[in-house]
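**Q** The structure is given below, and queries will be raised subsequently.
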Amino acid sequence: MSAPAPALAKPQRPKVIVRLADAAVAVASLSLIFGLLLVFFPVEFPRIIVTRQRGYLAVVLMVLTLVLDAFLYLRASYLRSAKPTVLVAACLGSLPIIVVGGLSFLMESAVAQTISLDLPNLQARINEEVLAHTYLGLVSAVFLPFLVIRLLQQFKATS
Amino acid sequence: MSLKWPLWIGLYVVLGVLVPWATALSWAHQHGSEMRPRVRQLFQRGELGLVGLVVVISVIWNLLQSQFMQQTIALAVVLLAVIGTMAGDVWIESYCRQSTGTAWSSERTWRDSRNLAFLVFTMASVVEVLLDRFAKVAAL
């Protein structure tokens with residue numbers, strides 16, 4: 001069988017090179033929204049988070065970060081006319097879940113330690129710990145997958 | 001909500017960005033130069049990343065002095081340190097590329113440093129708000 005004529009061969013699209021600057025703007029915007037909600041709704045916004053802490057807060061965070069990561073990756077591939085890769089898609093699909101899951105345990109541990117110390121104004125302290133962990137979890141779950149992929153791509157390019 | 005944290009972040013914007021820019025304009029005026037550098041030209045080699053790194057160091061110091069639980073402090077410190085290092089790395093990469101004659105784009109360096117500095121500033125602001133809230137709760 002002869003090789004296809006060059007004119008008929010499908011042009012190969014380059015693979016998406018993830019850049020931290022792409023994720024940085026999205027995470028910064030999330031931070032800005034979180035910060036503004038904290039400043040303008042100092043009681044109501046934390047209450048919404050704290051009341052859902054025992055319920056589905058982790059699930060909401062997982063879904064939100066997964067959707068955002070997928071959107072950022074697809075947007076980067078569209079803007080650079082590049083081909084999304086299965087490995088990166090798998091990383092982006094699993095890392096936000098792993099990060100949010102792992103940080104949920106860390107939050108439970110921080111709350112348990114706060115309770116064990118028997119400090120004054122205990123419930124308010126716990127609420128602030130939950131609020132801080134929610135914010136840090138949100139930022140980590142969006143930014144860290146991109147950081148890991150970026151470092152892996154750099155390592156692959158040099159090796 | 002106190003005005004402590006906006007003043008704190010404003011100090012960095014003024015001393016880290018506006019003062020260097022004003023100094024460059026003043027230098028040009030003093031030496032009778034036609035140069036009128038814009039903020040973007042002044043920070044085109046990724047120096048905004050260095051400003052971000054300085055902001056991160058300050059927030060980490062404040063976190064270490066807070067009464068948050070160790071787990072919370074550790075998570076925030078590691079995350080801020082990673083993001084601050086990445087912001088500073090934009091300047092390092094720009095320097096290395098220019099020093100070795102590797103392909104370098106001022107447009108790309110400016111965009112990367114601006115985006116990462118924006119991330120550092122917003123994160124630093126939110127962490128300062130959280131620290132402010134916690135200090136009030138702990139003082140009750």
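A note on labels: chains of the structure tokens are A, B, ... as shown, every chain counts residues from 1, and ligands are counted from 1 in their shown order.
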Using only C-alpha atoms, tabulate the residues of chain A lying at most 10 Å from any atom of chain B, each with its closest atom pair and that distance in Å to one decimal, by chain and increasing residue number, as a tab-separated table.
**A**
residue	atom	partner	partner_atom	distance
A:Arg19	CA	B:Asp112	CA	8.6
A:Leu20	CA	B:Asp112	CA	7.8
A:Ala21	CA	B:Asp112	CA	5.1
A:Asp22	CA	B:Asn115	CA	8.0
A:Ala23	CA	B:Asn115	CA	8.9
A:Ala24	CA	B:Leu116	CA	5.7
A:Val25	CA	B:Asn115	CA	5.7
A:Ala26	CA	B:Leu119	CA	8.6
A:Val27	CA	B:Leu119	CA	6.7
A:Ala28	CA	B:Leu119	CA	4.3
A:Ser29	CA	B:Leu119	CA	8.0
A:Leu30	CA	B:Thr122	CA	9.0
A:Ser31	CA	B:Thr122	CA	5.8
A:Leu32	CA	B:Thr122	CA	5.8
A:Ile33	CA	B:Thr122	CA	9.5
A:Phe34	CA	B:Val126	CA	7.5
A:Gly35	CA	B:Val126	CA	5.1
A:Leu36	CA	B:Val126	CA	8.7
A:Leu38	CA	B:Val129	CA	8.0
A:Val39	CA	B:Met1	CA	7.1
A:Phe40	CA	B:Met1	CA	9.2
A:Pro42	CA	B:Met1	CA	8.1
A:Leu103	CA	B:Leu75	CA	8.8
A:Leu106	CA	B:Gln71	CA	6.6
A:Met107	CA	B:Thr72	CA	7.6
A:Glu108	CA	B:Gln71	CA	9.9
A:Ser109	CA	B:Gln71	CA	7.7
A:Ala110	CA	B:Gln71	CA	5.9
A:Val111	CA	B:Met69	CA	8.4
A:Gln113	CA	B:Met69	CA	7.6
A:Thr114	CA	B:Met69	CA	7.1
A:Leu119	CA	B:Ala138	CA	9.0
A:Pro120	CA	B:Ala138	CA	7.9
A:Asn121	CA	B:Leu140	CA	7.0
A:Leu122	CA	B:Ala138	CA	9.1
A:Gln123	CA	B:Val137	CA	9.8
A:Ala124	CA	B:Val137	CA	6.5
A:Arg125	CA	B:Val137	CA	6.5
A:Ile126	CA	B:Phe68	CA	9.7
A:Asn127	CA	B:Phe134	CA	9.5
A:Glu128	CA	B:Phe134	CA	6.3
A:Glu129	CA	B:Phe68	CA	7.0
A:Val130	CA	B:Thr72	CA	9.3
A:Leu131	CA	B:Leu130	CA	8.1
A:Ala132	CA	B:Leu130	CA	6.7
A:His133	CA	B:Thr72	CA	6.7
A:Tyr135	CA	B:Val126	CA	8.7
A:Leu136	CA	B:Ala76	CA	6.6
A:Gly137	CA	B:Leu75	CA	9.0
A:Val139	CA	B:Leu79	CA	8.6
A:Ser140	CA	B:Leu79	CA	7.2
A:Phe143	CA	B:Ile83	CA	8.9
A:Leu144	CA	B:Leu79	CA	8.9
A:Leu147	CA	B:Met86	CA	9.2
**Q** Show which residues sit within 9 Å of Leu95 in chain A, as a list in words. Count only C-alpha atoms, and ignore same-chain residues fewer than 5 positions away.
**A**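 In the requested form, the answer reads Leu66, Ala90, Val100, Ala141, Leu144 and Pro145 of chain A.
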**Q** Take the residues that were just selected and, keeping N, CA and C atoms, output them as a PDB file, in the first residue's frame.
**A**
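New file out_6.pdb:
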ATOM      1  N   LEU A  66     -13.642  20.847  39.090  1.00  0.00           N
ATOM      2  CA  LEU A  66     -13.527  19.988  37.895  1.00  0.00           C
ATOM      3  C   LEU A  66     -14.002  20.720  36.647  1.00  0.00           C
ATOM      4  N   ALA A  90      -6.923  13.158  31.912  1.00  0.00           N
ATOM      5  CA  ALA A  90      -7.058  12.248  33.056  1.00  0.00           C
ATOM      6  C   ALA A  90      -6.530  12.903  34.332  1.00  0.00           C
ATOM      7  N   VAL A 100      -9.282  18.035  46.759  1.00  0.00           N
ATOM      8  CA  VAL A 100     -10.406  18.408  47.646  1.00  0.00           C
ATOM      9  C   VAL A 100     -10.632  17.324  48.702  1.00  0.00           C
ATOM     10  N   ALA A 141      -7.403  23.299  44.464  1.00  0.00           N
ATOM     11  CA  ALA A 141      -7.970  22.339  43.519  1.00  0.00           C
ATOM     12  C   ALA A 141      -7.993  22.864  42.092  1.00  0.00           C
ATOM     13  N   LEU A 144      -3.363  23.703  41.580  1.00  0.00           N
ATOM     14  CA  LEU A 144      -2.365  22.631  41.686  1.00  0.00           C
ATOM     15  C   LEU A 144      -2.370  21.655  40.498  1.00  0.00           C
ATOM     16  N   PRO A 145      -3.543  21.236  39.962  1.00  0.00           N
ATOM     17  CA  PRO A 145      -3.490  20.359  38.784  1.00  0.00           C
ATOM     18  C   PRO A 145      -2.722  20.992  37.615  1.00  0.00           C
TER      19      PRO A 145
END
**Q** Can you list, as a short mmCIF file (atom, residue, chain, number, x, y, z; two decimals) with N, CA and C atoms, in the first residue's frame, every protein, DNA or RNA residue that comes within 8 Å of Ser94 in chain B when you count only C-alpha atoms, leaving out same-chain residues fewer than 5 positions away?
**A**
data_model
loop_
_atom_site.label_atom_id
_atom_site.label_comp_id
_atom_site.auth_asym_id
_atom_site.auth_seq_id
_atom_site.Cartn_x
_atom_site.Cartn_y
_atom_site.Cartn_z
N ARG B 45 10.46 42.65 32.13
CA ARG B 45 11.29 41.46 32.31
C ARG B 45 10.76 40.55 33.43
N GLY B 46 9.55 40.79 33.87
CA GLY B 46 8.93 39.91 34.88
C GLY B 46 9.15 40.37 36.31
N TRP B 104 13.09 34.79 23.54
CA TRP B 104 12.43 35.47 24.66
C TRP B 104 11.43 36.49 24.14
N THR B 109 6.38 37.47 28.75
CA THR B 109 6.89 37.63 30.12
C THR B 109 6.01 38.60 30.90
#
**Q** For Tyr95 in chain B, list every protein, DNA or RNA residue within 12 Å, evaluated using only C-alpha atoms, and leave out those in the same chain fewer than 5 positions away; present the list as a list in words.
**A**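 Residues meeting the cut-off are Gln44, Arg45, Gly46, Glu47, Gly88, Asp89, Val90, Thr100, Gly101, Thr102, Ala103, Trp104, Ser105, Ser106 and Thr109 of chain B.
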**Q** Using only C-alpha atoms, please write the residues we just selected to a file, as a PDB file, in the first residue's frame.
**A**
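Written out: again.pdb:
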ATOM      1  CA  GLN B  44       8.638  43.882  31.058  1.00  0.00           C
ATOM      2  CA  ARG B  45      11.292  41.456  32.312  1.00  0.00           C
ATOM      3  CA  GLY B  46       8.934  39.907  34.879  1.00  0.00           C
ATOM      4  CA  GLU B  47       9.841  42.123  37.852  1.00  0.00           C
ATOM      5  CA  GLY B  88       9.316  34.979  40.997  1.00  0.00           C
ATOM      6  CA  ASP B  89      10.251  32.261  38.522  1.00  0.00           C
ATOM      7  CA  VAL B  90       8.890  34.362  35.639  1.00  0.00           C
ATOM      8  CA  THR B 100      21.765  32.714  27.119  1.00  0.00           C
ATOM      9  CA  GLY B 101      20.262  34.212  23.968  1.00  0.00           C
ATOM     10  CA  THR B 102      17.326  31.746  24.040  1.00  0.00           C
ATOM     11  CA  ALA B 103      14.087  32.896  22.375  1.00  0.00           C
ATOM     12  CA  TRP B 104      12.435  35.471  24.663  1.00  0.00           C
ATOM     13  CA  SER B 105       9.246  37.471  24.316  1.00  0.00           C
ATOM     14  CA  SER B 106       8.674  40.565  26.448  1.00  0.00           C
ATOM     15  CA  THR B 109       6.892  37.630  30.121  1.00  0.00           C
TER      16      THR B 109
END
**Q** Name the residues in contact with Ala24 in chain B at a cut-off of 10 Å, using only C-alpha atoms, excluding same-chain residues fewer than 3 positions from it; report them as a count of residues only.
**A** 14
**Q** Just the number, please: distance in Å from CA of Phe155 in chain A to CA of Cys96 in chain B, one decimal.
**A**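 For CA of Phe155 in chain A relative to CA of Cys96 in chain B, the distance reads 17.6 Å.
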**Q** Please, which residues of chain B, numbered as in this document, come out helix (DSSP H, G or I) from DSSP, as a compact mmCIF listing (two decimals) with N, CA and C atoms, in the first residue's frame?
**A**
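Output file result-v2.txt is given in full below:
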# COMPACT_ATOMS: atom_id res chain seq x y z
N LYS B 4 -7.63 47.75 57.75
CA LYS B 4 -6.22 47.40 57.90
C LYS B 4 -5.66 46.70 56.66
N TRP B 5 -6.43 45.70 56.17
CA TRP B 5 -5.89 44.91 55.05
C TRP B 5 -5.86 45.64 53.71
N PRO B 6 -6.89 46.51 53.37
CA PRO B 6 -6.73 47.27 52.12
C PRO B 6 -5.55 48.24 52.19
N LEU B 7 -5.31 48.81 53.38
CA LEU B 7 -4.16 49.71 53.53
C LEU B 7 -2.86 48.94 53.35
N TRP B 8 -2.86 47.73 53.91
CA TRP B 8 -1.68 46.87 53.84
C TRP B 8 -1.35 46.53 52.38
N ILE B 9 -2.36 46.11 51.62
CA ILE B 9 -2.13 45.73 50.22
C ILE B 9 -1.81 46.99 49.38
N GLY B 10 -2.45 48.11 49.76
CA GLY B 10 -2.19 49.37 49.06
C GLY B 10 -0.74 49.81 49.19
N LEU B 11 -0.15 49.54 50.35
CA LEU B 11 1.26 49.88 50.57
C LEU B 11 2.15 49.18 49.54
N TYR B 12 1.83 47.91 49.30
CA TYR B 12 2.64 47.15 48.33
C TYR B 12 2.46 47.67 46.91
N VAL B 13 1.22 48.01 46.58
CA VAL B 13 0.97 48.52 45.22
C VAL B 13 1.71 49.85 45.04
N VAL B 14 1.63 50.71 46.06
CA VAL B 14 2.28 52.03 45.96
C VAL B 14 3.79 51.89 45.96
N LEU B 15 4.34 51.19 46.97
CA LEU B 15 5.80 51.11 47.09
C LEU B 15 6.44 50.16 46.07
N GLY B 16 5.70 49.13 45.69
CA GLY B 16 6.28 48.15 44.77
C GLY B 16 6.08 48.46 43.31
N VAL B 17 5.03 49.21 42.95
CA VAL B 17 4.73 49.45 41.54
C VAL B 17 4.74 50.95 41.20
N LEU B 18 3.98 51.74 41.95
CA LEU B 18 3.84 53.16 41.59
C LEU B 18 5.10 53.97 41.86
N VAL B 19 5.76 53.71 43.00
CA VAL B 19 6.98 54.49 43.32
C VAL B 19 8.10 54.23 42.30
N PRO B 20 8.40 52.97 41.92
CA PRO B 20 9.41 52.76 40.89
C PRO B 20 9.07 53.45 39.57
N TRP B 21 7.80 53.42 39.22
CA TRP B 21 7.36 54.06 37.96
C TRP B 21 7.55 55.58 38.05
N ALA B 22 7.13 56.16 39.19
CA ALA B 22 7.29 57.61 39.38
C ALA B 22 8.77 57.98 39.42
N THR B 23 9.60 57.13 40.00
CA THR B 23 11.04 57.40 40.06
C THR B 23 11.64 57.41 38.65
N ALA B 24 11.19 56.48 37.81
CA ALA B 24 11.68 56.43 36.42
C ALA B 24 11.28 57.70 35.67
N LEU B 25 10.05 58.15 35.87
CA LEU B 25 9.60 59.39 35.22
C LEU B 25 10.40 60.59 35.73
N SER B 26 10.65 60.59 37.03
CA SER B 26 11.40 61.68 37.64
C SER B 26 12.84 61.71 37.12
N TRP B 27 13.42 60.52 36.98
CA TRP B 27 14.80 60.42 36.45
C TRP B 27 14.85 60.99 35.02
N ALA B 28 13.86 60.60 34.21
CA ALA B 28 13.82 61.07 32.83
C ALA B 28 13.69 62.60 32.78
N HIS B 29 12.86 63.13 33.67
CA HIS B 29 12.65 64.58 33.71
C HIS B 29 13.95 65.29 34.13
N GLN B 30 14.61 64.74 35.15
CA GLN B 30 15.83 65.34 35.69
C GLN B 30 16.96 65.36 34.66
N VAL B 39 4.15 51.55 32.89
CA VAL B 39 4.35 50.51 33.91
C VAL B 39 4.74 49.20 33.22
N ARG B 40 4.08 48.93 32.10
CA ARG B 40 4.34 47.69 31.38
C ARG B 40 5.80 47.59 30.89
N GLN B 41 6.34 48.74 30.40
CA GLN B 41 7.73 48.74 29.93
C GLN B 41 8.71 48.55 31.09
N LEU B 42 8.36 49.19 32.22
CA LEU B 42 9.25 49.14 33.38
C LEU B 42 9.35 47.71 33.94
N GLU B 47 9.56 41.64 36.49
CA GLU B 47 9.84 42.12 37.85
C GLU B 47 8.60 42.14 38.75
N LEU B 48 7.40 42.17 38.13
CA LEU B 48 6.17 42.12 38.95
C LEU B 48 6.10 40.83 39.75
N GLY B 49 6.69 39.77 39.18
CA GLY B 49 6.75 38.49 39.90
C GLY B 49 7.54 38.63 41.18
N LEU B 50 8.59 39.43 41.14
CA LEU B 50 9.40 39.65 42.35
C LEU B 50 8.60 40.43 43.40
N VAL B 51 7.83 41.42 42.94
CA VAL B 51 6.96 42.17 43.87
C VAL B 51 5.99 41.19 44.54
N GLY B 52 5.43 40.26 43.71
CA GLY B 52 4.52 39.25 44.23
C GLY B 52 5.18 38.38 45.28
N LEU B 53 6.43 38.03 45.04
CA LEU B 53 7.17 37.18 45.98
C LEU B 53 7.34 37.89 47.32
N VAL B 54 7.61 39.19 47.27
CA VAL B 54 7.77 39.97 48.51
C VAL B 54 6.44 40.01 49.28
N VAL B 55 5.34 40.18 48.55
CA VAL B 55 4.00 40.19 49.19
C VAL B 55 3.75 38.86 49.89
N VAL B 56 4.09 37.76 49.19
CA VAL B 56 3.87 36.42 49.74
C VAL B 56 4.67 36.23 51.03
N ILE B 57 5.90 36.68 51.05
CA ILE B 57 6.74 36.54 52.26
C ILE B 57 6.07 37.24 53.45
N SER B 58 5.53 38.41 53.19
CA SER B 58 4.87 39.18 54.24
C SER B 58 3.62 38.45 54.77
N VAL B 59 2.83 37.88 53.85
CA VAL B 59 1.60 37.18 54.27
C VAL B 59 1.97 35.92 55.06
N ILE B 60 3.01 35.23 54.61
CA ILE B 60 3.45 34.01 55.32
C ILE B 60 3.86 34.39 56.75
N TRP B 61 4.55 35.50 56.89
CA TRP B 61 4.98 35.94 58.22
C TRP B 61 3.77 36.21 59.11
N ASN B 62 2.76 36.89 58.55
CA ASN B 62 1.53 37.18 59.31
C ASN B 62 0.80 35.88 59.70
N LEU B 63 0.78 34.91 58.76
CA LEU B 63 0.12 33.62 59.04
C LEU B 63 0.81 32.90 60.18
N LEU B 64 2.14 32.92 60.18
CA LEU B 64 2.89 32.22 61.22
C LEU B 64 2.64 32.81 62.60
N GLN B 70 -2.46 24.59 63.32
CA GLN B 70 -1.24 24.31 62.55
C GLN B 70 -1.54 23.82 61.13
N GLN B 71 -2.59 22.97 60.99
CA GLN B 71 -2.93 22.43 59.68
C GLN B 71 -3.29 23.54 58.70
N THR B 72 -4.08 24.50 59.20
CA THR B 72 -4.52 25.60 58.34
C THR B 72 -3.33 26.47 57.95
N ILE B 73 -2.48 26.76 58.93
CA ILE B 73 -1.30 27.60 58.67
C ILE B 73 -0.39 26.89 57.65
N ALA B 74 -0.16 25.59 57.86
CA ALA B 74 0.73 24.84 56.97
C ALA B 74 0.21 24.85 55.53
N LEU B 75 -1.09 24.61 55.38
CA LEU B 75 -1.68 24.57 54.04
C LEU B 75 -1.55 25.93 53.36
N ALA B 76 -1.89 26.99 54.08
CA ALA B 76 -1.83 28.33 53.50
C ALA B 76 -0.39 28.72 53.16
N VAL B 77 0.53 28.39 54.05
CA VAL B 77 1.94 28.76 53.82
C VAL B 77 2.49 28.04 52.59
N VAL B 78 2.21 26.73 52.49
CA VAL B 78 2.74 25.96 51.34
C VAL B 78 2.15 26.50 50.03
N LEU B 79 0.84 26.73 50.04
CA LEU B 79 0.18 27.22 48.82
C LEU B 79 0.72 28.59 48.40
N LEU B 80 0.84 29.49 49.37
CA LEU B 80 1.35 30.83 49.06
C LEU B 80 2.81 30.76 48.60
N ALA B 81 3.59 29.91 49.25
CA ALA B 81 5.00 29.79 48.88
C ALA B 81 5.15 29.27 47.45
N VAL B 82 4.32 28.29 47.08
CA VAL B 82 4.38 27.73 45.71
C VAL B 82 4.01 28.80 44.69
N ILE B 83 2.93 29.51 44.95
CA ILE B 83 2.47 30.53 43.99
C ILE B 83 3.47 31.69 43.92
N GLY B 84 4.02 32.08 45.08
CA GLY B 84 5.03 33.15 45.10
C GLY B 84 6.29 32.74 44.34
N THR B 85 6.68 31.49 44.51
CA THR B 85 7.87 31.00 43.79
C THR B 85 7.63 30.99 42.28
N MET B 86 6.43 30.59 41.89
CA MET B 86 6.10 30.58 40.46
C MET B 86 6.11 32.01 39.88
N ALA B 87 5.62 32.96 40.70
CA ALA B 87 5.63 34.36 40.25
C ALA B 87 7.07 34.86 40.10
N GLY B 88 7.91 34.57 41.08
CA GLY B 88 9.32 34.98 41.00
C GLY B 88 10.05 34.28 39.87
N ASP B 89 9.61 33.06 39.57
CA ASP B 89 10.25 32.26 38.52
C ASP B 89 10.11 32.89 37.13
N VAL B 90 9.06 33.69 36.94
CA VAL B 90 8.89 34.36 35.64
C VAL B 90 10.09 35.28 35.38
N TRP B 91 10.53 36.00 36.42
CA TRP B 91 11.68 36.90 36.28
C TRP B 91 12.96 36.09 36.06
N ILE B 92 13.11 34.98 36.79
CA ILE B 92 14.29 34.13 36.66
C ILE B 92 14.39 33.59 35.23
N GLU B 93 13.25 33.08 34.73
CA GLU B 93 13.26 32.49 33.38
C GLU B 93 13.59 33.55 32.34
N SER B 94 13.02 34.75 32.53
CA SER B 94 13.29 35.84 31.60
C SER B 94 14.78 36.18 31.61
N TYR B 95 15.36 36.24 32.81
CA TYR B 95 16.79 36.56 32.95
C TYR B 95 17.64 35.48 32.25
N CYS B 96 17.31 34.21 32.51
CA CYS B 96 18.09 33.10 31.94
C CYS B 96 17.99 33.11 30.41
N ARG B 97 16.77 33.34 29.90
CA ARG B 97 16.58 33.34 28.45
C ARG B 97 17.38 34.47 27.80
N GLN B 98 17.34 35.65 28.42
CA GLN B 98 18.06 36.79 27.85
C GLN B 98 19.57 36.59 27.96
N SER B 99 20.02 36.01 29.07
CA SER B 99 21.46 35.82 29.28
C SER B 99 22.04 34.81 28.32
N THR B 100 21.23 33.78 27.98
CA THR B 100 21.77 32.71 27.12
C THR B 100 21.39 32.90 25.65
N SER B 106 9.03 39.66 25.34
CA SER B 106 8.67 40.57 26.45
C SER B 106 7.16 40.57 26.67
N GLU B 107 6.42 40.37 25.55
CA GLU B 107 4.95 40.32 25.63
C GLU B 107 4.50 39.19 26.54
N ARG B 108 5.09 37.99 26.33
CA ARG B 108 4.72 36.80 27.09
C ARG B 108 5.17 36.94 28.55
N THR B 109 6.38 37.47 28.75
CA THR B 109 6.89 37.63 30.12
C THR B 109 6.01 38.60 30.90
N TRP B 110 5.65 39.71 30.26
CA TRP B 110 4.79 40.70 30.92
C TRP B 110 3.45 40.08 31.29
N ARG B 111 2.86 39.33 30.34
CA ARG B 111 1.54 38.73 30.58
C ARG B 111 1.61 37.72 31.74
N ASP B 112 2.64 36.86 31.71
CA ASP B 112 2.77 35.85 32.77
C ASP B 112 2.96 36.50 34.14
N SER B 113 3.87 37.49 34.20
CA SER B 113 4.16 38.11 35.50
C SER B 113 2.95 38.90 35.99
N ARG B 114 2.24 39.55 35.08
CA ARG B 114 1.04 40.33 35.47
C ARG B 114 -0.04 39.39 36.01
N ASN B 115 -0.27 38.27 35.31
CA ASN B 115 -1.31 37.33 35.76
C ASN B 115 -0.97 36.71 37.11
N LEU B 116 0.29 36.30 37.27
CA LEU B 116 0.67 35.67 38.54
C LEU B 116 0.71 36.69 39.67
N ALA B 117 1.12 37.93 39.36
CA ALA B 117 1.11 38.98 40.40
C ALA B 117 -0.33 39.29 40.81
N PHE B 118 -1.26 39.28 39.84
CA PHE B 118 -2.68 39.48 40.14
C PHE B 118 -3.18 38.38 41.08
N LEU B 119 -2.78 37.15 40.79
CA LEU B 119 -3.17 36.03 41.64
C LEU B 119 -2.61 36.21 43.06
N VAL B 120 -1.33 36.56 43.15
CA VAL B 120 -0.70 36.75 44.46
C VAL B 120 -1.42 37.86 45.24
N PHE B 121 -1.71 38.97 44.58
CA PHE B 121 -2.36 40.09 45.27
C PHE B 121 -3.76 39.73 45.75
N THR B 122 -4.53 39.03 44.92
CA THR B 122 -5.90 38.69 45.35
C THR B 122 -5.86 37.66 46.48
N MET B 123 -4.95 36.66 46.35
CA MET B 123 -4.84 35.65 47.42
C MET B 123 -4.38 36.28 48.72
N ALA B 124 -3.39 37.17 48.60
CA ALA B 124 -2.87 37.84 49.80
C ALA B 124 -3.99 38.64 50.47
N SER B 125 -4.81 39.31 49.66
CA SER B 125 -5.91 40.11 50.22
C SER B 125 -6.90 39.22 50.97
N VAL B 126 -7.29 38.09 50.34
CA VAL B 126 -8.28 37.21 50.98
C VAL B 126 -7.69 36.63 52.28
N VAL B 127 -6.42 36.21 52.24
CA VAL B 127 -5.80 35.64 53.45
C VAL B 127 -5.74 36.71 54.55
N GLU B 128 -5.45 37.94 54.17
CA GLU B 128 -5.42 39.02 55.17
C GLU B 128 -6.82 39.26 55.76
N VAL B 129 -7.85 39.17 54.92
CA VAL B 129 -9.22 39.31 55.42
C VAL B 129 -9.53 38.18 56.41
N LEU B 130 -9.13 36.95 56.04
CA LEU B 130 -9.37 35.80 56.93
C LEU B 130 -8.61 35.96 58.24
N LEU B 131 -7.38 36.46 58.17
CA LEU B 131 -6.57 36.68 59.39
C LEU B 131 -7.22 37.74 60.28
N ASP B 132 -7.73 38.78 59.64
CA ASP B 132 -8.39 39.87 60.35
C ASP B 132 -9.62 39.36 61.09
N ARG B 133 -10.41 38.54 60.39
CA ARG B 133 -11.62 37.97 61.00
C ARG B 133 -11.25 37.08 62.17
N PHE B 134 -10.23 36.23 61.97
CA PHE B 134 -9.87 35.28 63.02
C PHE B 134 -9.32 36.02 64.25
N ALA B 135 -8.54 37.08 64.00
CA ALA B 135 -7.98 37.85 65.14
C ALA B 135 -9.11 38.42 65.99
N LYS B 136 -10.20 38.86 65.34
CA LYS B 136 -11.34 39.42 66.08
C LYS B 136 -12.04 38.35 66.90
N VAL B 137 -12.21 37.16 66.27
CA VAL B 137 -12.87 36.05 66.97
C VAL B 137 -12.03 35.61 68.16
N ALA B 138 -10.72 35.51 67.95
CA ALA B 138 -9.82 35.04 69.02
C ALA B 138 -9.75 36.05 70.17
N ALA B 139 -9.97 37.33 69.86
CA ALA B 139 -9.86 38.37 70.90
C ALA B 139 -11.11 38.45 71.77
**Q** How many Å lie between CA of Asp69 in chain A and CA of Lys156 in chain A, rounded to one decimal?
**A**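 Those two atoms sit 21.5 Å apart.
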**Q** At what distance in Å, to one decimal, does CA of Ser81 in chain A lie from CA of Ser94 in chain A?
**A**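 Separating CA of Ser94 in chain A from CA of Ser81 in chain A is a distance of 24.5 Å.
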